[in-house]
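Student: Can you read through this structure? Questions will come right after.
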Amino acid sequence: DEAAILAEDAYYSWGAGKDRVEGPSIELAKVAARNWGNCAVVMKPAQVTPMEYIFTAAFVDLETGFTIDRQFRQSRKWTVYGKFDEERKEDIRFQIGQSKAIRNVILSAMPGWLVTKMLEEAKAGVRAGLEKFIKENGIEAAQDHIVKRLAKHRVTADRIEAKMGKKVRGWEIEDLIVLRGD
């Protein structure tokens, strides 16, 4: 139920066609761990080198004793957009790496079928919201809304059309679900 409520906040996606990448977000991973119950995620001290942060996160199922560690390497040169000073950008890179380490260890510990089901429910939540919006406002309003939302991130309609391989007015609900993940 929480995955459906999270909707597009439960997953990420980018790219198109065979190059499309999609996966569960940190928010979905935290929902999975919280609902799994009686478990802990522990961050070990980060290793810092001139080029990277190396995070090690551990997932511990306190009921069964199952424990798994995962490392995540975050480049210290990762591009951070926005008008932040360099020190703030360094903080953001650190936080991104820490979140990815937490997400990855939780998702490694959870049963794959459960994560897949949660993603399906998240997309169903997106679909339900889009269907309601389309019923009230029409498909063109939904298409325009997506273009406006992505424009806030400096993504032009031309770029979106190139990614999708079709013009805005040709987008169907499946396309809009993908774009909500973007």
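Just remember, in the structure tokens the first chain shown is A, the second B, etc., residues are 1-based per chain, and ligands are 1-based in the order shown.
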According to DSSP computed on the backbone, where in range 18-57 of chain A is there helix (DSSP H, G or I)? Give the residues as a PyMOL selection string.
Tutor: chain A and resi 18-19+26-36
Student: Using only C-alpha atoms, which residues sit within 10 Å of Ala128 in chain A once same-chain residues fewer than 5 positions away are excluded, as a PDB file with C-alpha atoms, in the first residue's frame?
Tutor:
ATOM      1  CA  ALA A   4       1.278   2.767  -4.323  1.00  0.00           C
ATOM      2  CA  ALA A   7       3.984   6.401  -6.634  1.00  0.00           C
ATOM      3  CA  ALA A 122       4.267   2.094  -7.179  1.00  0.00           C
ATOM      4  CA  LYS A 123       3.622   2.204 -10.916  1.00  0.00           C
ATOM      5  CA  PHE A 133      -6.101  13.363 -13.956  1.00  0.00           C
ATOM      6  CA  ILE A 134      -6.815  12.338 -17.567  1.00  0.00           C
TER       7      ILE A 134
END
Student: Can you pull out every residue within 12 Å of His145 in chain A, counting only C-alpha atoms, but drop anything in the same chain fewer than 5 positions away, and send it as a list of chain:residue names?
Tutor: A:Leu130, A:Phe133, A:Ile134, A:Asn137, A:Gly138, A:Ile139, A:Glu140, A:Leu150, A:Ala151, A:Lys152, A:Ala157, A:Val168, A:Leu176, A:Leu179, A:Arg180
Student: Next, write the just-selected residues to a file, as a short mmCIF file (atom, residue, chain, number, x, y, z; two decimals), in the first residue's frame, keeping N, CA and C atoms as the atom set.
Tutor:
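Printed below is selection_24.cif as written:
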data_model
loop_
_atom_site.label_atom_id
_atom_site.label_comp_id
_atom_site.auth_asym_id
_atom_site.auth_seq_id
_atom_site.Cartn_x
_atom_site.Cartn_y
_atom_site.Cartn_z
N LEU A 130 -2.63 9.24 -12.76
CA LEU A 130 -2.71 9.73 -14.13
C LEU A 130 -4.09 9.49 -14.73
N PHE A 133 -6.40 12.06 -13.36
CA PHE A 133 -6.10 13.36 -13.96
C PHE A 133 -6.62 13.43 -15.39
N ILE A 134 -6.38 12.37 -16.16
CA ILE A 134 -6.81 12.34 -17.57
C ILE A 134 -8.33 12.36 -17.66
N ASN A 137 -9.22 15.98 -16.85
CA ASN A 137 -8.63 17.07 -17.63
C ASN A 137 -8.28 16.73 -19.08
N GLY A 138 -8.24 15.44 -19.40
CA GLY A 138 -7.87 15.02 -20.75
C GLY A 138 -6.39 14.66 -20.86
N ILE A 139 -6.08 13.82 -21.86
CA ILE A 139 -4.70 13.36 -22.05
C ILE A 139 -3.77 14.50 -22.41
N GLU A 140 -4.27 15.50 -23.17
CA GLU A 140 -3.40 16.62 -23.56
C GLU A 140 -2.94 17.41 -22.34
N LEU A 150 9.03 18.74 -16.20
CA LEU A 150 10.42 18.49 -16.59
C LEU A 150 11.12 19.79 -16.99
N ALA A 151 10.37 20.78 -17.47
CA ALA A 151 10.96 22.08 -17.82
C ALA A 151 11.55 22.75 -16.58
N LYS A 152 10.99 22.48 -15.42
CA LYS A 152 11.54 23.03 -14.17
C LYS A 152 12.95 22.52 -13.92
N ALA A 157 11.01 20.19 -24.24
CA ALA A 157 10.09 19.26 -24.91
C ALA A 157 10.79 18.52 -26.04
N VAL A 168 4.96 14.97 -28.35
CA VAL A 168 4.21 15.07 -27.09
C VAL A 168 2.79 14.52 -27.26
N LEU A 176 3.69 8.31 -20.15
CA LEU A 176 3.60 9.27 -19.05
C LEU A 176 4.09 8.64 -17.73
N LEU A 179 7.82 8.77 -17.86
CA LEU A 179 8.28 10.15 -17.66
C LEU A 179 8.09 10.62 -16.22
N ARG A 180 7.09 10.12 -15.54
CA ARG A 180 6.93 10.46 -14.12
C ARG A 180 8.10 9.92 -13.32
#
Student: Neighbours of Ala109 in chain A within 9 Å (only C-alpha atoms; same-chain residues fewer than 4 positions away dropped), as a PDB file with all heavy atoms, in the first residue's frame?
Tutor:
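Dumped to part.pdb:
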ATOM      1  N   PHE A  59      22.933  -4.757   6.542  1.00  0.00           N
ATOM      2  CA  PHE A  59      21.536  -5.044   6.854  1.00  0.00           C
ATOM      3  C   PHE A  59      21.544  -6.250   7.786  1.00  0.00           C
ATOM      4  O   PHE A  59      22.181  -7.266   7.488  1.00  0.00           O
ATOM      5  CB  PHE A  59      20.744  -5.373   5.589  1.00  0.00           C
ATOM      6  CG  PHE A  59      19.302  -5.718   5.856  1.00  0.00           C
ATOM      7  CD1 PHE A  59      18.331  -4.739   5.792  1.00  0.00           C
ATOM      8  CD2 PHE A  59      18.927  -7.011   6.179  1.00  0.00           C
ATOM      9  CE1 PHE A  59      16.992  -5.045   6.039  1.00  0.00           C
ATOM     10  CE2 PHE A  59      17.594  -7.326   6.436  1.00  0.00           C
ATOM     11  CZ  PHE A  59      16.629  -6.342   6.358  1.00  0.00           C
ATOM     12  N   VAL A  60      20.854  -6.128   8.907  1.00  0.00           N
ATOM     13  CA  VAL A  60      20.795  -7.210   9.879  1.00  0.00           C
ATOM     14  C   VAL A  60      19.334  -7.544  10.142  1.00  0.00           C
ATOM     15  O   VAL A  60      18.568  -6.684  10.597  1.00  0.00           O
ATOM     16  CB  VAL A  60      21.483  -6.818  11.214  1.00  0.00           C
ATOM     17  CG1 VAL A  60      21.451  -7.978  12.195  1.00  0.00           C
ATOM     18  CG2 VAL A  60      22.894  -6.329  10.976  1.00  0.00           C
ATOM     19  N   ASP A  61      18.946  -8.775   9.830  1.00  0.00           N
ATOM     20  CA  ASP A  61      17.612  -9.259  10.185  1.00  0.00           C
ATOM     21  C   ASP A  61      17.730  -9.809  11.599  1.00  0.00           C
ATOM     22  O   ASP A  61      18.353 -10.845  11.828  1.00  0.00           O
ATOM     23  CB  ASP A  61      17.164 -10.346   9.200  1.00  0.00           C
ATOM     24  CG  ASP A  61      15.744 -10.804   9.444  1.00  0.00           C
ATOM     25  OD1 ASP A  61      15.326 -10.872  10.629  1.00  0.00           O
ATOM     26  OD2 ASP A  61      15.045 -11.100   8.468  1.00  0.00           O
ATOM     27  N   PHE A  66      20.193 -13.182   9.668  1.00  0.00           N
ATOM     28  CA  PHE A  66      20.749 -12.952   8.336  1.00  0.00           C
ATOM     29  C   PHE A  66      21.363 -11.556   8.282  1.00  0.00           C
ATOM     30  O   PHE A  66      20.733 -10.571   8.661  1.00  0.00           O
ATOM     31  CB  PHE A  66      19.653 -13.077   7.275  1.00  0.00           C
ATOM     32  CG  PHE A  66      20.103 -12.671   5.902  1.00  0.00           C
ATOM     33  CD1 PHE A  66      20.984 -13.467   5.191  1.00  0.00           C
ATOM     34  CD2 PHE A  66      19.654 -11.480   5.344  1.00  0.00           C
ATOM     35  CE1 PHE A  66      21.410 -13.082   3.922  1.00  0.00           C
ATOM     36  CE2 PHE A  66      20.076 -11.092   4.088  1.00  0.00           C
ATOM     37  CZ  PHE A  66      20.953 -11.893   3.367  1.00  0.00           C
ATOM     38  N   THR A  67      22.600 -11.479   7.828  1.00  0.00           N
ATOM     39  CA  THR A  67      23.312 -10.212   7.743  1.00  0.00           C
ATOM     40  C   THR A  67      24.026 -10.140   6.407  1.00  0.00           C
ATOM     41  O   THR A  67      24.595 -11.137   5.945  1.00  0.00           O
ATOM     42  CB  THR A  67      24.362 -10.106   8.875  1.00  0.00           C
ATOM     43  OG1 THR A  67      23.685 -10.245  10.131  1.00  0.00           O
ATOM     44  CG2 THR A  67      25.084  -8.778   8.836  1.00  0.00           C
ATOM     45  N   ILE A  68      23.973  -8.964   5.794  1.00  0.00           N
ATOM     46  CA  ILE A  68      24.697  -8.755   4.544  1.00  0.00           C
ATOM     47  C   ILE A  68      25.299  -7.352   4.558  1.00  0.00           C
ATOM     48  O   ILE A  68      24.665  -6.406   5.009  1.00  0.00           O
ATOM     49  CB  ILE A  68      23.784  -8.959   3.305  1.00  0.00           C
ATOM     50  CG1 ILE A  68      24.591  -8.867   2.011  1.00  0.00           C
ATOM     51  CG2 ILE A  68      22.619  -8.003   3.317  1.00  0.00           C
ATOM     52  CD1 ILE A  68      23.802  -9.295   0.777  1.00  0.00           C
ATOM     53  N   ASN A 104      21.027   0.163  -1.494  1.00  0.00           N
ATOM     54  CA  ASN A 104      21.551  -1.066  -2.085  1.00  0.00           C
ATOM     55  C   ASN A 104      21.590  -2.230  -1.094  1.00  0.00           C
ATOM     56  O   ASN A 104      21.264  -3.356  -1.459  1.00  0.00           O
ATOM     57  CB  ASN A 104      22.943  -0.818  -2.665  1.00  0.00           C
ATOM     58  CG  ASN A 104      22.913   0.061  -3.892  1.00  0.00           C
ATOM     59  OD1 ASN A 104      21.853   0.413  -4.409  1.00  0.00           O
ATOM     60  ND2 ASN A 104      24.082   0.450  -4.359  1.00  0.00           N
ATOM     61  N   VAL A 105      21.963  -1.955   0.159  1.00  0.00           N
ATOM     62  CA  VAL A 105      22.038  -3.067   1.104  1.00  0.00           C
ATOM     63  C   VAL A 105      20.639  -3.559   1.470  1.00  0.00           C
ATOM     64  O   VAL A 105      20.416  -4.771   1.600  1.00  0.00           O
ATOM     65  CB  VAL A 105      22.883  -2.723   2.351  1.00  0.00           C
ATOM     66  CG1 VAL A 105      22.137  -1.838   3.345  1.00  0.00           C
ATOM     67  CG2 VAL A 105      23.366  -4.002   3.037  1.00  0.00           C
TER      68      VAL A 105
END
Student: Among the residues of chain A, find those DSSP assigns to strand (DSSP E) from the backbone and print them as a ChimeraX atom specification.
Tutor: /A:11-14,21-24,39-43,47-48,52-61,67-75
Student: Which neighbours of range 95-102 of chain A fall inside 7 Å, counting only C-alpha atoms, when residues of the same chain fewer than 6 positions from it are skipped, and could you give them as a ChimeraX atom specification?
Tutor: /A:26,55-57,71-72,74
Student: Once you have the residues from the selection above, write them out as an mmCIF file, in the first residue's frame, restricted to all heavy atoms.
Tutor:
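Final file, out_35.cif:
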data_model
loop_
_atom_site.group_PDB
_atom_site.id
_atom_site.type_symbol
_atom_site.label_atom_id
_atom_site.label_comp_id
_atom_site.auth_asym_id
_atom_site.auth_seq_id
_atom_site.Cartn_x
_atom_site.Cartn_y
_atom_site.Cartn_z
ATOM 1 N N ILE A 26 15.520 5.134 -2.764
ATOM 2 C CA ILE A 26 15.834 5.022 -1.339
ATOM 3 C C ILE A 26 14.541 5.036 -0.519
ATOM 4 O O ILE A 26 14.423 4.322 0.479
ATOM 5 C CB ILE A 26 16.803 6.144 -0.871
ATOM 6 C CG1 ILE A 26 17.113 6.048 0.635
ATOM 7 C CG2 ILE A 26 16.269 7.524 -1.192
ATOM 8 C CD1 ILE A 26 17.889 4.848 1.060
ATOM 9 N N PHE A 55 31.429 3.727 1.061
ATOM 10 C CA PHE A 55 30.488 3.489 2.144
ATOM 11 C C PHE A 55 30.247 1.996 2.273
ATOM 12 O O PHE A 55 30.120 1.289 1.277
ATOM 13 C CB PHE A 55 29.143 4.164 1.841
ATOM 14 C CG PHE A 55 29.227 5.659 1.772
ATOM 15 C CD1 PHE A 55 29.383 6.304 0.552
ATOM 16 C CD2 PHE A 55 29.150 6.426 2.921
ATOM 17 C CE1 PHE A 55 29.455 7.682 0.482
ATOM 18 C CE2 PHE A 55 29.228 7.806 2.863
ATOM 19 C CZ PHE A 55 29.380 8.435 1.636
ATOM 20 N N THR A 56 30.155 1.518 3.503
ATOM 21 C CA THR A 56 29.780 0.138 3.764
ATOM 22 C C THR A 56 28.553 0.170 4.656
ATOM 23 O O THR A 56 28.575 0.755 5.743
ATOM 24 C CB THR A 56 30.922 -0.643 4.445
ATOM 25 O OG1 THR A 56 32.091 -0.574 3.621
ATOM 26 C CG2 THR A 56 30.531 -2.100 4.655
ATOM 27 N N ALA A 57 27.500 -0.431 4.157
ATOM 28 C CA ALA A 57 26.250 -0.520 4.916
ATOM 29 C C ALA A 57 25.973 -1.992 5.191
ATOM 30 O O ALA A 57 26.272 -2.855 4.355
ATOM 31 C CB ALA A 57 25.097 0.098 4.125
ATOM 32 N N GLN A 71 29.169 -2.565 -0.156
ATOM 33 C CA GLN A 71 29.928 -1.330 -0.294
ATOM 34 C C GLN A 71 29.400 -0.551 -1.487
ATOM 35 O O GLN A 71 28.882 -1.124 -2.449
ATOM 36 C CB GLN A 71 31.413 -1.609 -0.497
ATOM 37 C CG GLN A 71 32.081 -2.096 0.766
ATOM 38 C CD GLN A 71 33.585 -2.130 0.631
ATOM 39 O OE1 GLN A 71 34.109 -2.487 -0.410
ATOM 40 N NE2 GLN A 71 34.272 -1.766 1.696
ATOM 41 N N PHE A 72 29.544 0.766 -1.388
ATOM 42 C CA PHE A 72 29.181 1.643 -2.496
ATOM 43 C C PHE A 72 30.255 2.708 -2.633
ATOM 44 O O PHE A 72 30.645 3.332 -1.639
ATOM 45 C CB PHE A 72 27.813 2.308 -2.270
ATOM 46 C CG PHE A 72 27.404 3.172 -3.422
ATOM 47 C CD1 PHE A 72 26.844 2.614 -4.552
ATOM 48 C CD2 PHE A 72 27.636 4.537 -3.395
ATOM 49 C CE1 PHE A 72 26.497 3.401 -5.630
ATOM 50 C CE2 PHE A 72 27.295 5.339 -4.472
ATOM 51 C CZ PHE A 72 26.724 4.764 -5.595
ATOM 52 N N GLN A 74 31.259 6.285 -4.128
ATOM 53 C CA GLN A 74 30.712 7.551 -4.626
ATOM 54 C C GLN A 74 31.874 8.444 -5.036
ATOM 55 O O GLN A 74 32.713 8.794 -4.196
ATOM 56 C CB GLN A 74 29.879 8.240 -3.551
ATOM 57 C CG GLN A 74 29.384 9.623 -3.904
ATOM 58 C CD GLN A 74 28.367 9.601 -5.036
ATOM 59 O OE1 GLN A 74 27.479 8.771 -5.061
ATOM 60 N NE2 GLN A 74 28.512 10.496 -5.978
#
Student: Using only C-alpha atoms, which of the listed residues (A:Glu27, A:Asp91, A:Glu174, A:Glu161) sits closest to Ala124 in chain A?
Tutor: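 Looking at the shortest contact to Ala124 in chain A, the residue is A:Glu174.
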Student: Just to confirm, what's the straight-line distance from CA of Arg76 in chain A to CA of Ala46 in chain A in Å (one decimal)?
Tutor: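 Between CA of Arg76 in chain A and CA of Ala46 in chain A the gap is 12.9 Å.
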Student: I want to know what sits within 9 Å of Lys77 in chain A, based on only C-alpha atoms, with residues of the same chain fewer than 5 positions away left out; could you give that as a PyMOL selection string?
Tutor: chain A and resi 51-52+90+93
Student: Could you save those same residues with N, CA, C and O atoms as a CSV table (one decimal), in the first residue's frame?
Tutor:
chain,number,residue,atom,x,y,z
A,51,MET,N,39.7,10.7,-4.4
A,51,MET,CA,38.9,10.6,-5.5
A,51,MET,C,37.4,10.1,-5.2
A,51,MET,O,36.6,10.2,-6.0
A,52,GLU,N,37.3,9.5,-4.0
A,52,GLU,CA,36.0,8.8,-3.7
A,52,GLU,C,35.7,8.7,-2.2
A,52,GLU,O,36.6,8.8,-1.4
A,90,GLU,N,30.2,19.1,-1.9
A,90,GLU,CA,30.9,17.9,-1.3
A,90,GLU,C,30.0,17.3,-0.3
A,90,GLU,O,29.9,16.0,-0.3
A,93,ARG,N,27.4,15.3,-2.3
A,93,ARG,CA,28.0,14.0,-2.9
A,93,ARG,C,28.0,13.0,-1.8
A,93,ARG,O,27.7,11.8,-2.0
